[in-house]
Amino acid sequence: MNGKIILHRRRLLGSLAVAGGGLLLSGCDALNDSDAFRGALGTAEGWNDGAQRWLAGDGLAREYRAADMSPLFRANGNVRVENAVYRASAAQRFANWALVVDGLVARPLRLPLSALQQMPQRAQITRHDCVEGWSAIGKWQGPQLGPILQLAGILPAARYIVFHCADRFGSTPYYESIGLDDAMHPQTILAWMMNDAPLREAHGAPLRLRVERQLGYKHAKFVMRVEARDRIDNLYGGRGGYWEDAGEYGWYAGI
Ligand SMILES: Nc1nc2c(c(=O)[nH]1)N[C@H]1C(S)=C(S)[C@@H](COP(=O)(O)O)O[C@H]1N2
Ligand SMILES: [Mo]
């Protein structure tokens, strides 16, 4: 198992080297410290809890066949983003857009869409369940979140991963958070493709979270920034997400 993961990380780092100048790293020394990486797998601290848990055989969400894909996948919540910065990058088809990865990490990252596209990809056909009472089966593709957090050097103090989105309801920004077990889960990806095409704006372009063991509202669309934190009770309304703060839904939305 460990060997497989290290191989995966080598592939990731190789493809990032190809991505070249587009990728900004604040330190490069740790890029080939597979010893440190192996060491981290052996500890029981922080981000590693999740990895340990799925290495030990935690469950996967069900995956479907292409023939099961819903002919129509509804878009829900915000389907258009009004803020000016987002509109400007959308007009350039996100060519100058970059995902920020920061917070409790040793090496904050700015990852252009092209870098995310060149990382090893995972594609999965899953069922999306919205609390409002509809479901749809769709295909999602993008890099796994776990290796991105490892590349950023997620620190042992990190307990939550927060997704900051470009959209708002009224004056309140949409955001969501998950624990490290879900963040490190193999089916947790930052998808830039849906049903074999780049994400449409209504479905969260340029990048949205897929966290397949949880309900629809956890799957943050229009993700601009991924932040590692030790707590979420001191962020916005303190409950870890837009709907949670609104008192509508709970933080853990396991299916
Ligand atoms: N940024 C953002 N993410 C969001 C929402 C939203 O309004 N804004 N709606 C959530 C809800 S309730 C659901 S069911 C899904 C809908 O995803 P879809 O539009 O691709 O169907 O996105 C979730 N993520
Ligand atoms: Mo939803």
# chains A, B, ... in the order shown; residues from 1 in each chain; ligands from 1
>>> residues_around(residues="Tyr86 (chain A)", least_positions_apart="2", cutoff="12 Å", atoms="only C-alpha atoms", output="ChimeraX atom specification")
/A:80-84,88-98,165-168,201,204-206,222-224
>>> residues_around(residues="Val100 (chain A)", least_positions_apart="6", cutoff="6 Å", atoms="only C-alpha atoms", output="PDB file with C-alpha atoms, in the first residue's frame")
ATOM      1  CA  LEU A 109       0.534  27.036  -3.302  1.00  0.00           C
ATOM      2  CA  ARG A 110      -1.006  28.844  -6.231  1.00  0.00           C
ATOM      3  CA  ARG A 225      -9.144  28.782  -2.008  1.00  0.00           C
TER       4      ARG A 225
END
>>> residues_near_ligand(ligand="ligand 1", cutoff="9 Å", atoms="only C-alpha atoms and all ligand atoms", output="number ranges by chain")
A: 73-79, 81, 128-132, 134-136, 163-169, 173-176, 194, 199-204, 208-209, 215-223, 242-243
>>> residues_around(residues="Arg210 (chain A)", least_positions_apart="6", cutoff="8 Å", atoms="only C-alpha atoms", output="ChimeraX atom specification")
/A:140,187-191,219-220
>>> closest_residue(among="A:Gly133, A:Gly138, A:Gly153, A:Pro147", to="Arg107 (chain A)", atoms="only C-alpha atoms")
A:Gly153
>>> closest_residue(among="A:Asn195, A:Gln214, A:Gln117, A:Thr172", to="Leu72 (chain A)", atoms="only C-alpha atoms")
A:Asn195
>>> residues_around(residues="Arg239 (chain A)", least_positions_apart="5", cutoff="10 Å", atoms="only C-alpha atoms", output="PyMOL selection string")
chain A and resi 176-177+232-234+244-247+249-251
>>> write_last_selection(atoms="C-alpha atoms", output="mmCIF file, in the first residue's frame")
data_model
loop_
_atom_site.group_PDB
_atom_site.id
_atom_site.type_symbol
_atom_site.label_atom_id
_atom_site.label_comp_id
_atom_site.auth_asym_id
_atom_site.auth_seq_id
_atom_site.Cartn_x
_atom_site.Cartn_y
_atom_site.Cartn_z
ATOM 1 C CA GLU A 176 -17.755 24.540 3.294
ATOM 2 C CA SER A 177 -15.423 22.407 5.379
ATOM 3 C CA ILE A 232 -13.703 26.088 12.281
ATOM 4 C CA ASP A 233 -15.598 27.499 15.259
ATOM 5 C CA ASN A 234 -13.787 30.822 14.780
ATOM 6 C CA GLU A 244 -24.597 25.018 8.716
ATOM 7 C CA ASP A 245 -24.264 28.669 9.800
ATOM 8 C CA ALA A 246 -27.762 29.334 8.467
ATOM 9 C CA GLY A 247 -28.983 26.669 10.889
ATOM 10 C CA TYR A 249 -28.170 21.505 7.818
ATOM 11 C CA GLY A 250 -25.591 19.751 9.983
ATOM 12 C CA TRP A 251 -21.823 19.813 9.459
#
>>> closest_residue(among="A:Ala67, A:Ile125, A:Ile154, A:Ile178", to="Gly103 (chain A)", atoms="only C-alpha atoms")
A:Ile154
>>> closest_residue(among="A:Ala197, A:Ala183, A:Ala61, A:Ala152", to="Gly254 (chain A)", atoms="only C-alpha atoms")
A:Ala61
>>> atom_distance(atom1="CA of Arg213 (chain A)", atom2="CA of Thr126 (chain A)")
9.8 Å
>>> atom_distance(atom1="CA of Ala157 (chain A)", atom2="CA of Asp230 (chain A)")
5.7 Å
>>> closest_residue(among="A:Ala158, A:Leu207, A:Ala253, A:Tyr64", to="ligand 2", atoms="only C-alpha atoms and all ligand atoms")
A:Ala253
>>> atom_distance(atom1="CA of Glu63 (chain A)", atom2="CA of Arg127 (chain A)")
7.8 Å
>>> residues_around(residues="Arg122 (chain A)", least_positions_apart="5", cutoff="7 Å", atoms="only C-alpha atoms", output="JSON, numbers by chain")
{"A": [141, 142, 143, 144]}
>>> write_last_selection(atoms="all heavy atoms", output="PDB file, in the first residue's frame")
ATOM      1  N   GLN A 141     -14.216  14.385 -12.865  1.00  0.00           N
ATOM      2  CA  GLN A 141     -12.777  14.137 -13.017  1.00  0.00           C
ATOM      3  C   GLN A 141     -11.952  15.311 -12.505  1.00  0.00           C
ATOM      4  O   GLN A 141     -12.293  16.475 -12.723  1.00  0.00           O
ATOM      5  CB  GLN A 141     -12.429  13.904 -14.488  1.00  0.00           C
ATOM      6  CG  GLN A 141     -10.955  13.504 -14.669  1.00  0.00           C
ATOM      7  CD  GLN A 141     -10.510  13.572 -16.098  1.00  0.00           C
ATOM      8  OE1 GLN A 141     -11.113  12.936 -16.962  1.00  0.00           O
ATOM      9  NE2 GLN A 141      -9.452  14.339 -16.359  1.00  0.00           N
ATOM     10  N   GLY A 142     -10.841  14.964 -11.849  1.00  0.00           N
ATOM     11  CA  GLY A 142      -9.901  15.980 -11.379  1.00  0.00           C
ATOM     12  C   GLY A 142      -8.860  15.328 -10.489  1.00  0.00           C
ATOM     13  O   GLY A 142      -8.922  14.123 -10.240  1.00  0.00           O
ATOM     14  N   PRO A 143      -7.899  16.121 -10.014  1.00  0.00           N
ATOM     15  CA  PRO A 143      -6.894  15.562  -9.110  1.00  0.00           C
ATOM     16  C   PRO A 143      -7.502  15.288  -7.738  1.00  0.00           C
ATOM     17  O   PRO A 143      -8.439  15.969  -7.313  1.00  0.00           O
ATOM     18  CB  PRO A 143      -5.840  16.666  -9.030  1.00  0.00           C
ATOM     19  CG  PRO A 143      -6.581  17.924  -9.337  1.00  0.00           C
ATOM     20  CD  PRO A 143      -7.675  17.546 -10.294  1.00  0.00           C
ATOM     21  N   GLN A 144      -6.957  14.290  -7.050  1.00  0.00           N
ATOM     22  CA  GLN A 144      -7.371  14.027  -5.676  1.00  0.00           C
ATOM     23  C   GLN A 144      -6.895  15.165  -4.776  1.00  0.00           C
ATOM     24  O   GLN A 144      -5.815  15.729  -4.983  1.00  0.00           O
ATOM     25  CB  GLN A 144      -6.775  12.713  -5.187  1.00  0.00           C
ATOM     26  CG  GLN A 144      -7.375  11.489  -5.868  1.00  0.00           C
ATOM     27  CD  GLN A 144      -6.605  10.220  -5.527  1.00  0.00           C
ATOM     28  OE1 GLN A 144      -5.374  10.224  -5.553  1.00  0.00           O
ATOM     29  NE2 GLN A 144      -7.318   9.165  -5.200  1.00  0.00           N
TER      30      GLN A 144
END
>>> select_by_dssp(residues="region 120-170 of chain A", states="strand (DSSP E or B)", output="ChimeraX atom specification")
/A:122-130,134-142,144,154,160-169
>>> select_by_dssp(residues="region 61-117 of chain A", states="helix (DSSP H, G or I)", output="list of chain:residue names")
A:Ala66, A:Ala67, A:Asp68, A:Ala84, A:Val85, A:Tyr86, A:Arg87, A:Ala88, A:Ser89, A:Ala90, A:Ala91, A:Leu113, A:Ser114, A:Ala115, A:Leu116, A:Gln117
